[in-house]
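Undergrad: Sending over structure34.cif (mmCIF, C-alpha atoms).
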```cif
data_query
loop_
_atom_site.label_atom_id
_atom_site.label_comp_id
_atom_site.auth_asym_id
_atom_site.auth_seq_id
_atom_site.Cartn_x
_atom_site.Cartn_y
_atom_site.Cartn_z
CA MET E 172 -24.85 8.53 -22.20
CA ALA E 173 -23.21 6.67 -25.08
CA ARG E 174 -24.64 3.24 -25.86
CA ARG E 175 -22.30 0.29 -25.35
CA PRO E 176 -21.43 -1.55 -28.58
CA THR E 177 -23.02 -4.97 -28.98
CA ILE E 178 -22.26 -8.13 -30.94
CA LYS E 179 -24.89 -6.97 -33.44
CA ASP E 180 -22.95 -3.72 -34.00
CA ILE E 181 -19.72 -5.66 -34.57
CA ALA E 182 -21.43 -8.04 -37.00
CA ARG E 183 -22.89 -5.17 -39.02
CA GLN E 184 -19.55 -3.30 -39.14
CA ALA E 185 -17.55 -6.43 -40.04
CA GLY E 186 -20.12 -7.67 -42.56
CA VAL E 187 -20.57 -11.07 -40.88
CA SER E 188 -23.25 -12.91 -38.92
CA GLU E 189 -23.69 -12.51 -35.16
CA SER E 190 -22.81 -16.18 -34.66
CA ALA E 191 -19.49 -15.59 -36.48
CA VAL E 192 -18.75 -12.72 -34.08
CA SER E 193 -19.55 -14.93 -31.11
CA PHE E 194 -17.24 -17.68 -32.40
CA ALA E 195 -14.41 -15.23 -33.03
CA LEU E 196 -14.61 -13.40 -29.71
CA ASN E 197 -14.87 -16.61 -27.68
CA ASP E 198 -12.02 -18.42 -29.50
CA ARG E 199 -14.32 -21.11 -30.91
CA PRO E 200 -13.90 -22.86 -34.24
CA GLY E 201 -16.18 -21.95 -37.12
CA VAL E 202 -14.55 -18.88 -38.66
CA SER E 203 -11.40 -18.44 -40.69
CA ARG E 204 -8.25 -16.82 -39.30
CA ASP E 205 -8.70 -13.72 -41.45
CA THR E 206 -12.34 -13.32 -40.46
CA ARG E 207 -11.46 -13.80 -36.78
CA ALA E 208 -8.78 -11.10 -37.05
CA ARG E 209 -11.17 -8.70 -38.82
CA ILE E 210 -13.90 -9.22 -36.21
CA ARG E 211 -11.49 -8.61 -33.32
CA ARG E 212 -10.14 -5.50 -35.02
CA VAL E 213 -13.66 -4.10 -35.42
CA ALA E 214 -14.51 -5.00 -31.81
CA GLU E 215 -11.46 -3.11 -30.61
CA GLU E 216 -12.26 -0.09 -32.77
CA LEU E 217 -15.80 0.03 -31.39
CA GLY E 218 -14.55 -0.33 -27.78
CA TRP E 219 -16.43 -3.55 -27.16
CA GLN E 220 -15.84 -5.41 -23.88
CA PRO E 221 -17.37 -8.72 -22.76
CA ASN E 222 -20.29 -8.53 -20.32
CA SER E 223 -18.95 -10.11 -17.13
CA ALA E 224 -22.42 -10.88 -15.77
CA ALA E 225 -23.45 -12.65 -18.94
CA ARG E 226 -20.18 -14.59 -19.00
CA ALA E 227 -20.71 -15.68 -15.41
CA LEU E 228 -24.22 -16.91 -16.16
CA SER E 229 -22.89 -18.93 -19.07
CA GLY E 230 -20.32 -20.61 -16.83
CA GLU E 231 -17.34 -18.63 -18.08
CA ARG E 232 -14.99 -16.69 -15.86
CA SER E 233 -16.07 -13.34 -14.47
CA GLY E 234 -12.65 -11.80 -15.15
CA ALA E 235 -12.42 -10.44 -11.60
CA VAL E 236 -10.57 -11.24 -8.37
CA GLY E 237 -11.89 -10.26 -4.94
CA LEU E 238 -10.10 -8.66 -1.98
CA VAL E 239 -11.86 -7.98 1.33
CA LEU E 240 -10.49 -6.10 4.34
CA ALA E 241 -12.11 -6.77 7.70
CA ARG E 242 -10.29 -4.08 9.64
CA PRO E 243 -11.38 -1.07 11.70
CA ALA E 244 -11.90 1.62 9.08
CA HIS E 245 -9.98 4.24 11.07
CA THR E 246 -6.79 2.15 10.88
CA LEU E 247 -6.75 1.87 7.08
CA GLY E 248 -6.39 5.48 5.98
CA VAL E 249 -3.04 6.03 7.70
CA GLU E 250 -1.34 2.66 7.16
CA SER E 251 0.83 2.41 4.04
CA PHE E 252 1.04 -1.40 3.99
CA PHE E 253 -2.30 -2.07 2.31
CA LEU E 254 -1.88 0.71 -0.25
CA GLN E 255 1.43 -0.80 -1.35
CA LEU E 256 0.02 -4.34 -1.26
CA VAL E 257 -2.95 -3.37 -3.44
CA SER E 258 -0.68 -1.54 -5.89
CA GLY E 259 1.34 -4.72 -6.38
CA ILE E 260 -1.79 -6.84 -6.78
CA GLN E 261 -3.27 -4.39 -9.27
CA GLU E 262 -0.06 -4.28 -11.30
CA VAL E 263 -0.27 -8.01 -12.02
CA LEU E 264 -4.04 -8.16 -12.48
CA SER E 265 -4.06 -5.18 -14.83
CA ALA E 266 -1.47 -6.82 -17.07
CA ALA E 267 -3.69 -9.92 -17.16
CA ARG E 268 -6.79 -7.79 -17.91
CA THR E 269 -8.37 -8.98 -14.67
CA ALA E 270 -10.39 -6.62 -12.48
CA LEU E 271 -9.94 -6.23 -8.74
CA LEU E 272 -13.17 -6.17 -6.73
CA PHE E 273 -12.30 -4.53 -3.39
CA GLN E 274 -14.48 -4.09 -0.32
CA VAL E 275 -14.03 -3.14 3.35
CA VAL E 276 -16.30 -4.84 5.91
CA GLU E 277 -16.83 -4.62 9.65
CA ASP E 278 -15.69 -8.06 10.76
CA ILE E 279 -14.81 -11.60 9.75
CA ASP E 280 -18.45 -12.72 9.72
CA ALA E 281 -19.31 -10.02 7.21
CA GLU E 282 -16.31 -11.08 5.13
CA CYS E 283 -17.53 -14.70 5.04
CA ALA E 284 -21.03 -13.57 4.08
CA LEU E 285 -19.56 -11.53 1.24
CA TYR E 286 -17.63 -14.55 -0.06
CA ARG E 287 -20.87 -16.56 -0.12
CA ARG E 288 -22.63 -13.81 -2.06
CA TRP E 289 -19.80 -13.41 -4.54
CA TRP E 290 -19.74 -17.17 -5.08
CA ALA E 291 -23.54 -17.35 -5.57
CA GLU E 292 -23.48 -14.44 -8.00
CA ARG E 293 -20.27 -15.64 -9.71
CA ARG E 294 -18.84 -12.19 -9.24
CA VAL E 295 -15.21 -13.32 -8.84
CA ASP E 296 -13.06 -16.18 -10.08
CA GLY E 297 -10.99 -16.25 -6.90
CA VAL E 298 -10.03 -14.19 -3.89
CA ILE E 299 -6.93 -12.88 -2.13
CA VAL E 300 -7.35 -13.30 1.62
CA VAL E 301 -5.46 -11.03 4.03
CA ASP E 302 -4.98 -10.95 7.79
CA PRO E 303 -5.15 -14.71 8.51
CA ARG E 304 -6.41 -15.42 12.01
CA THR E 305 -5.14 -17.90 14.57
CA ARG E 306 -8.68 -19.33 14.52
CA ASP E 307 -9.81 -18.61 11.00
CA PRO E 308 -13.13 -19.79 9.51
CA ARG E 309 -12.29 -18.58 6.00
CA PRO E 310 -10.11 -21.45 4.67
CA GLU E 311 -12.82 -24.03 5.45
CA LEU E 312 -15.53 -21.85 3.92
CA LEU E 313 -13.54 -21.20 0.75
CA GLY E 314 -12.85 -24.93 0.49
CA GLN E 315 -16.56 -25.71 0.77
CA LEU E 316 -17.33 -23.15 -1.93
CA ALA E 317 -14.42 -24.45 -4.06
CA LEU E 318 -13.51 -20.79 -4.55
CA PRO E 319 -9.79 -20.53 -5.45
CA ALA E 320 -7.90 -18.36 -2.99
CA VAL E 321 -4.47 -17.16 -1.96
CA THR E 322 -3.91 -16.23 1.66
CA VAL E 323 -1.40 -13.47 2.35
CA GLY E 324 0.58 -14.28 5.48
CA SER E 325 -0.35 -17.92 6.11
CA ALA E 326 1.84 -21.01 5.85
CA GLU E 327 -1.03 -23.34 4.97
CA SER E 328 -2.31 -24.55 1.62
CA SER E 329 -5.05 -26.96 0.52
CA ALA E 330 -6.75 -28.26 -2.61
CA THR E 331 -8.07 -24.75 -3.43
CA LEU E 332 -6.06 -22.50 -1.12
CA SER E 333 -2.55 -21.23 -1.79
CA SER E 334 -0.56 -18.92 0.44
CA VAL E 335 2.27 -16.43 0.27
CA ARG E 336 4.04 -15.61 3.49
CA ALA E 337 6.78 -13.47 4.96
CA ASP E 338 9.45 -14.69 7.36
CA ASP E 339 8.18 -12.87 10.46
CA ALA E 340 10.35 -15.00 12.74
CA GLY E 341 13.50 -14.20 10.78
CA ALA E 342 12.59 -10.51 10.72
CA MET E 343 12.07 -10.40 14.49
CA ALA E 344 15.40 -12.16 14.97
CA GLN E 345 17.07 -9.34 13.03
CA VAL E 346 15.43 -6.74 15.27
CA LEU E 347 16.49 -8.54 18.47
CA ASP E 348 20.00 -9.05 17.11
CA HIS E 349 20.30 -5.32 16.48
CA LEU E 350 18.88 -4.13 19.80
CA HIS E 351 20.61 -6.78 21.91
CA GLY E 352 23.87 -6.05 20.15
CA LEU E 353 23.53 -2.39 21.11
CA GLY E 354 23.09 -3.43 24.73
CA HIS E 355 19.31 -3.23 25.21
CA ARG E 356 17.88 -5.67 27.76
CA ARG E 357 14.44 -4.15 28.37
CA ILE E 358 12.42 -4.21 25.16
CA VAL E 359 8.67 -3.86 24.56
CA HIS E 360 7.00 -4.89 21.31
CA ILE E 361 3.98 -2.67 20.54
CA ALA E 362 2.09 -5.30 18.55
CA GLY E 363 -0.92 -5.17 16.26
CA LEU E 364 -4.34 -6.76 16.51
CA PRO E 365 -4.54 -9.83 18.74
CA GLY E 366 -5.85 -12.92 16.96
CA LEU E 367 -4.03 -12.21 13.70
CA ALA E 368 -1.66 -15.01 12.71
CA HIS E 369 1.26 -12.70 11.96
CA THR E 370 0.81 -10.89 15.28
CA ALA E 371 1.00 -14.27 17.05
CA ARG E 372 4.10 -15.26 15.03
CA ARG E 373 5.89 -12.02 15.85
CA MET E 374 5.06 -12.27 19.56
CA GLU E 375 6.12 -15.91 19.69
CA SER E 376 9.36 -15.12 17.86
CA LEU E 377 10.07 -12.22 20.24
CA ARG E 378 9.70 -14.56 23.24
CA ALA E 379 11.89 -17.23 21.64
CA GLU E 380 14.63 -14.79 20.60
CA ALA E 381 14.59 -13.14 24.02
CA ALA E 382 14.80 -16.49 25.82
CA ARG E 383 17.71 -17.52 23.59
CA ARG E 384 19.54 -14.47 24.94
CA GLY E 385 18.59 -15.18 28.55
CA LEU E 386 15.90 -12.48 28.73
CA GLY E 387 12.60 -13.41 30.36
CA PRO E 388 9.11 -11.86 30.03
CA ASP E 389 9.94 -9.42 32.84
CA ARG E 390 12.40 -7.76 30.46
CA VAL E 391 11.06 -8.44 26.94
CA ARG E 392 7.33 -8.61 26.20
CA SER E 393 4.55 -7.61 23.78
CA VAL E 394 1.46 -5.45 24.23
CA VAL E 395 -1.34 -5.50 21.65
CA THR E 396 -3.10 -2.59 19.91
CA ASP E 397 -5.39 -2.03 16.92
CA TYR E 398 -2.52 -0.72 14.71
CA SER E 399 -3.75 2.87 14.98
CA ASP E 400 -1.62 5.88 15.90
CA ALA E 401 -3.94 6.56 18.86
CA GLU E 402 -3.47 3.13 20.43
CA GLY E 403 0.22 3.12 19.55
CA ALA E 404 0.62 6.42 21.40
CA ALA E 405 -1.45 5.22 24.37
CA ALA E 406 0.58 2.01 24.67
CA THR E 407 3.79 4.04 24.54
CA ARG E 408 2.63 6.28 27.38
CA ARG E 409 1.74 3.28 29.52
CA VAL E 410 5.04 1.45 29.15
CA LEU E 411 7.17 4.59 29.52
CA ALA E 412 5.32 5.43 32.77
CA GLU E 413 6.32 2.12 34.36
CA PRO E 414 8.71 2.22 37.35
CA VAL E 415 11.41 0.56 35.23
CA PRO E 416 10.56 1.55 31.64
CA PRO E 417 11.93 -0.16 28.52
CA THR E 418 14.95 1.25 26.74
CA ALA E 419 13.75 0.09 23.31
CA LEU E 420 10.35 -0.14 21.62
CA VAL E 421 9.50 -2.20 18.52
CA TYR E 422 6.31 -1.14 16.71
CA ASP E 423 4.30 -3.35 14.35
CA ASN E 424 3.87 -0.57 11.79
CA ASP E 425 5.28 2.79 10.79
CA VAL E 426 2.30 4.84 11.97
CA MET E 427 2.52 3.61 15.57
CA ALA E 428 6.30 4.08 15.55
CA VAL E 429 5.97 7.72 14.52
CA ALA E 430 3.23 8.24 17.13
CA GLY E 431 5.48 6.65 19.75
CA SER E 432 8.37 8.91 18.80
CA ALA E 433 6.09 11.93 19.23
CA VAL E 434 5.04 10.73 22.69
CA ALA E 435 8.69 10.34 23.72
CA ALA E 436 9.42 13.89 22.57
CA GLU E 437 6.40 15.20 24.48
CA LEU E 438 7.60 13.43 27.65
CA GLY E 439 11.11 14.82 27.25
CA ILE E 440 12.63 11.39 26.56
CA PRO E 441 15.34 11.77 23.89
CA VAL E 442 15.46 9.30 21.01
CA PRO E 443 17.85 7.51 20.83
CA GLY E 444 19.58 8.90 23.94
CA ARG E 445 17.22 7.23 26.40
CA LEU E 446 14.88 5.30 24.10
CA SER E 447 15.51 3.41 20.87
CA ILE E 448 12.67 2.90 18.37
CA VAL E 449 12.25 0.34 15.57
CA ALA E 450 9.37 0.26 13.05
CA TRP E 451 8.31 -3.04 11.50
CA ASP E 452 7.46 -1.53 8.11
CA ASP E 453 9.58 1.15 6.49
CA SER E 454 7.86 4.06 4.76
CA ALA E 455 8.34 7.72 3.89
CA LEU E 456 7.10 8.52 7.42
CA CYS E 457 10.06 6.66 8.92
CA ARG E 458 12.51 8.49 6.66
CA VAL E 459 11.23 12.04 7.25
CA THR E 460 10.64 11.79 11.02
CA HIS E 461 13.39 13.28 13.20
CA PRO E 462 15.32 11.29 14.12
CA ARG E 463 14.85 8.97 11.15
CA LEU E 464 13.49 5.64 12.32
CA THR E 465 15.30 2.33 12.13
CA ALA E 466 12.92 0.07 10.20
CA LEU E 467 12.41 -3.28 8.54
CA VAL E 468 12.48 -2.73 4.79
CA ARG E 469 10.45 -5.10 2.64
CA ASP E 470 8.98 -5.06 -0.83
CA THR E 471 5.30 -4.88 0.08
CA ALA E 472 4.25 -4.22 -3.51
CA GLY E 473 6.28 -7.29 -4.47
CA PHE E 474 4.33 -9.24 -1.85
CA GLY E 475 1.13 -8.16 -3.62
CA ARG E 476 2.55 -9.12 -7.03
CA LEU E 477 3.47 -12.54 -5.66
CA ALA E 478 -0.04 -13.10 -4.29
CA ALA E 479 -1.78 -12.01 -7.50
CA GLY E 480 0.56 -14.07 -9.66
CA GLU E 481 -0.02 -17.15 -7.52
CA LEU E 482 -3.80 -16.77 -7.76
CA LEU E 483 -3.69 -16.34 -11.54
CA ALA E 484 -1.50 -19.46 -11.77
CA VAL E 485 -4.06 -21.45 -9.77
CA LEU E 486 -6.90 -20.14 -11.93
CA ALA E 487 -4.94 -21.28 -14.98
CA GLY E 488 -4.86 -24.82 -13.58
CA GLY E 489 -1.68 -24.81 -11.51
CA PRO E 490 -1.46 -26.60 -8.15
CA PRO E 491 -1.95 -24.56 -4.94
CA GLY E 492 1.14 -24.18 -2.76
CA VAL E 493 3.08 -22.04 -0.33
CA ARG E 494 5.38 -19.32 -1.63
CA GLU E 495 7.82 -17.30 0.47
CA SER E 496 8.41 -13.60 -0.11
CA GLU E 497 11.78 -11.93 0.27
CA ARG E 498 12.93 -11.70 3.88
CA PRO E 499 12.74 -8.11 5.19
CA ARG E 500 16.06 -6.48 6.03
CA LEU E 501 16.66 -4.15 8.93
CA GLU E 502 17.78 -0.64 8.00
CA PRO E 503 19.51 0.95 11.03
CA ARG E 504 18.99 4.71 11.26
CA GLU E 505 19.27 7.42 13.90
CA SER E 506 16.48 6.16 16.20
CA THR E 507 18.53 3.29 17.65
CA ALA E 508 21.71 3.52 19.73
CA PRO E 509 23.21 1.92 22.84
CA PRO E 510 21.13 2.64 25.96
CA ALA E 511 22.37 5.27 28.39
CA ALA E 512 24.48 3.66 31.11
CA HIS E 513 22.05 4.61 33.90
CA THR E 514 18.95 3.30 32.11
CA GLU E 515 19.99 -0.34 31.60
CA SER E 516 20.66 -2.90 34.30
#
```
Turn the structure described in the file into structure tokens.
TA:
Amino acid sequence: MARRPTIKDIARQAGVSESAVSFALNDRPGVSRDTRARIRRVAEELGWQPNSAARALSGERSGAVGLVLARPAHTLGVESFFLQLVSGIQEVLSAARTALLFQVVEDIDAECALYRRWWAERRVDGVIVVDPRTRDPRPELLGQLALPAVTVGSAESSATLSSVRADDAGAMAQVLDHLHGLGHRRIVHIAGLPGLAHTARRMESLRAEAARRGLGPDRVRSVVTDYSDAEGAAATRRVLAEPVPPTALVYDNDVMAVAGSAVAAELGIPVPGRLSIVAWDDSALCRVTHPRLTALVRDTAGFGRLAAGELLAVLAGGPPGVRESERPRLEPRESTAPPAAHTES
């Protein structure tokens, strides 16, 4: 294995002292402009990189940002949202020469324990927090640790905590506008994990939008799942087996929507002839499924870029705050149509 270049190697190659190399690479006074340029050129030629552990011990930044997912592992491999989110985050961090330290854990307690360890070891300069809960211990913990953070999907900010959020209420209003306008009066929302803040916002918005149109919980309601295709399919079977089944289903992600469409086909229920389907997040799955699924289109990678940019701004000394991402837009496709006359009353 090749040996990593050291400050001593750079000093020998550049013909200067080790202290001069240290001054040049850490932007400290004590060397001339020409010498600084020569040292940096030699360091680049040798492939030298700063030791993040040593920098952390000296009180400097680690040059890394943390991201933890406390989700059931079986739900992550099939959901496109997090892949797109991480790609946007990585795009911004890579340009800033900042590493992304990513880890999946079992639950929120394990996530909090990991934050404490990262803080104690100075492994990260800040963290991007996803899946805010309705009762969430993480903001208080991060405040106690004074660990800069950006929460994805929360409307709250504090002295160390920023947030970027999407307009879930506005998005749900678009969905209800579309389905109600087509004539649907019995709608079921196949929601995600209970306890997540965005799940609660979507369910609350569904109730409010339904009530505004004179539709009570006997006609429009939500059922919760774990976001997986298995639970999405199971929930679809249950609601379609009811004595008076819904004429439209709204799924909290693309994977569940595709699974629900497959269940309808298996049961001999034509989409959209007797059942309309809407997916919350658009993806290639929605566009290649037959019929193509009506979906909410949003720039998830842009959401990730916004979160990473906000965290870097805070680390640079900017004030924490709340930033709003672009509102999703509904893309009507072949999976939604007016309900059959004999199915709606």
Undergrad: Please determine, counting only C-alpha atoms, which residue among E:Ala362, E:Leu386, E:Ala241, E:Met427 has the shortest atom-to-atom distance to Pro303 in chain E.
TA: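 Of all the options, E:Ala241 lies closest to Pro303 in chain E.
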Undergrad: Looking at E:Asp453, E:Asp198, E:Glu375, E:Asp280, which one is nearest to Pro308 in chain E, with distances taken over all atoms listed in the file?
TA: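 Closest to Pro308 in chain E of all the choices is E:Asp280.
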Undergrad: Determine the residue membership of the PyMOL selection byres ((chain E and resi 342-347) around 8) for the file above and supply it as a ChimeraX atom specification.
TA: /E:338-341,348-352,373,376-377,380-381,449,467,498-501
Undergrad: Could you check how far CA of Thr460 in chain E sits from CA of Ser393 in chain E, in Å to one decimal?
TA: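 According to the coordinates, CA of Thr460 in chain E and CA of Ser393 in chain E are separated by 24.0 Å.
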Undergrad: Looking at all atoms listed in the file, which of E:Gly218, E:Gly473, E:Gly363, E:Pro310 is the one that sits closest to Ser258 in chain E?
TA: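 Closest to Ser258 in chain E of all the choices is E:Gly473.
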Undergrad: Nearest to Val442 in chain E among E:Gly297, E:Gly234, E:Gly324, E:Pro462, with distances taken over all atoms listed in the file: which residue is it?
TA: E:Pro462
Undergrad: Quick one, how far is CA of Arg476 in chain E from CA of Ile260 in chain E?
TA: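 A separation of 4.9 Å between them.
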Undergrad: Quick one: of E:Leu254, E:Ser496, E:Met374, E:Ala479, who's nearest to Ser454 in chain E, counting only C-alpha atoms?
TA: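 Of the candidates, the smallest distance to Ser454 in chain E is held by E:Leu254.
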Undergrad: What is the distance between CA of Asp452 in chain E and CA of Ala419 in chain E, in Å to one decimal?
TA: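 Separation between CA of Asp452 in chain E and CA of Ala419 in chain E: 16.5 Å.
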Undergrad: Can you tell me, as a list in words, what residues are no more than 10 Å from Asp302 in chain E when counting all atoms listed in the file, ignoring any on the same chain fewer than 3 positions away?
TA: Val239, Leu240, Ala241, Arg242, Thr305, Asp307, Thr322, Val323, Gly324, Ser325, Leu364, Gly366, Leu367, Ala368, His369 and Thr370 of chain E
Undergrad: Env of Arg357 in chain E: 6 Å cut, atoms = only C-alpha atoms, seq-sep filter 5 positions within chain, self excluded. Answer as a list in words.
TA: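 Listed by chain and then number, they are Arg390, Val391, Pro417 and Thr418 of chain E.
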Undergrad: May I ask which of the residues E:Glu292, E:Ser447, E:Thr396, E:Ile361 is the closest one to Tyr422 in chain E, counting only C-alpha atoms?
TA: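 Nearest candidate to Tyr422 in chain E out of E:Glu292, E:Ser447, E:Thr396, E:Ile361: E:Ile361.
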Undergrad: Going by the chain IDs and residue numbers used in this file, which residues fall under the PyMOL selection byres ((chain E and resi 206) around 12)? Write them as JSON, numbers by chain.
TA: {"E": [182, 185, 186, 187, 188, 191, 192, 193, 194, 195, 196, 200, 201, 202, 203, 204, 205, 207, 208, 209, 210, 211, 212, 213]}
Undergrad: Skip Gly237 in chain E itself and residues of its chain fewer than 2 positions away, then list as a list in words all residues within 10 Å of it, counting all atoms listed in the file.
TA: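 Result of the neighbour search: Ala235, Val239, Ala270, Leu271, Leu272, Phe273, Gln274, Leu285, Tyr286, Trp289, Arg294, Val295, Asp296, Gly297, Val298, Ile299, Val300 and Ala320 of chain E.
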Undergrad: Find the residues near Arg392 in chain E: any atom within 7 Å, counting all atoms listed in the file, skip ones fewer than 6 places away on the same chain, and give them as a PDB file with C-alpha atoms, keeping the file's coordinate frame.
TA:
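Produced file result20.pdb, reproduced below:
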```pdb
ATOM      1  CA  ILE E 358      12.420  -4.210  25.160  1.00  0.00           C
ATOM      2  CA  VAL E 359       8.670  -3.860  24.560  1.00  0.00           C
ATOM      3  CA  HIS E 360       7.000  -4.890  21.310  1.00  0.00           C
TER       4      HIS E 360
END
```
Undergrad: Tell me, as a PyMOL selection string, which residues lie within 12 Å of Ser432 in chain E, counting all atoms listed in the file; anything in the same chain fewer than 5 positions away does not count.
TA: chain E and resi 400+403-408+411+419-422+425-427+437-443+445-450+456-457+460-465+506-507
Undergrad: The centre and edge lengths of an axis-aligned box containing all atoms of range 331-346 of chain E present in the file, extended by 8 Å on each side, are to be given in Å to one decimal, as lines of an AutoDock Vina configuration file.
TA:
```
center_x = 4.5
center_y = -15.7
center_z = 5.9
size_x = 41.1
size_y = 34.0
size_z = 34.7
```
Undergrad: Output: range 355-369 of chain E of the preceding structure, restricted to N, CA and C atoms, written as a compact mmCIF listing (two decimals), in the first residue's frame.
TA:
```
# COMPACT_ATOMS: atom_id res chain seq x y z
N HIS E 355 -64.66 12.77 -7.67
CA HIS E 355 -64.45 11.77 -6.62
C HIS E 355 -64.90 12.33 -5.26
N ARG E 356 -65.64 11.49 -4.52
CA ARG E 356 -66.12 11.89 -3.20
C ARG E 356 -65.74 10.86 -2.13
N ARG E 357 -65.16 9.76 -2.54
CA ARG E 357 -64.67 8.75 -1.57
C ARG E 357 -63.19 8.51 -1.87
N ILE E 358 -62.35 9.08 -1.01
CA ILE E 358 -60.90 9.10 -1.25
C ILE E 358 -60.19 8.58 -0.01
N VAL E 359 -59.23 7.69 -0.20
CA VAL E 359 -58.40 7.20 0.90
C VAL E 359 -56.94 7.56 0.63
N HIS E 360 -56.31 8.12 1.63
CA HIS E 360 -54.89 8.48 1.59
C HIS E 360 -54.11 7.35 2.25
N ILE E 361 -53.29 6.63 1.47
CA ILE E 361 -52.42 5.58 2.00
C ILE E 361 -51.14 6.29 2.46
N ALA E 362 -51.09 6.60 3.75
CA ALA E 362 -50.04 7.46 4.29
C ALA E 362 -48.80 6.66 4.69
N GLY E 363 -47.76 7.40 5.07
CA GLY E 363 -46.51 6.78 5.49
C GLY E 363 -46.49 6.50 6.97
N LEU E 364 -45.29 6.56 7.54
CA LEU E 364 -45.10 6.20 8.94
C LEU E 364 -45.81 7.17 9.88
N PRO E 365 -46.60 6.65 10.82
CA PRO E 365 -47.21 7.54 11.80
C PRO E 365 -46.13 8.12 12.72
N GLY E 366 -46.35 9.33 13.19
CA GLY E 366 -45.36 9.97 14.05
C GLY E 366 -44.40 10.88 13.31
N LEU E 367 -44.31 10.75 11.98
CA LEU E 367 -43.48 11.66 11.22
C LEU E 367 -44.23 12.97 11.00
N ALA E 368 -43.53 14.08 11.11
CA ALA E 368 -44.18 15.39 11.02
C ALA E 368 -44.86 15.59 9.67
N HIS E 369 -44.21 15.16 8.58
CA HIS E 369 -44.82 15.39 7.28
C HIS E 369 -46.03 14.48 7.06
```
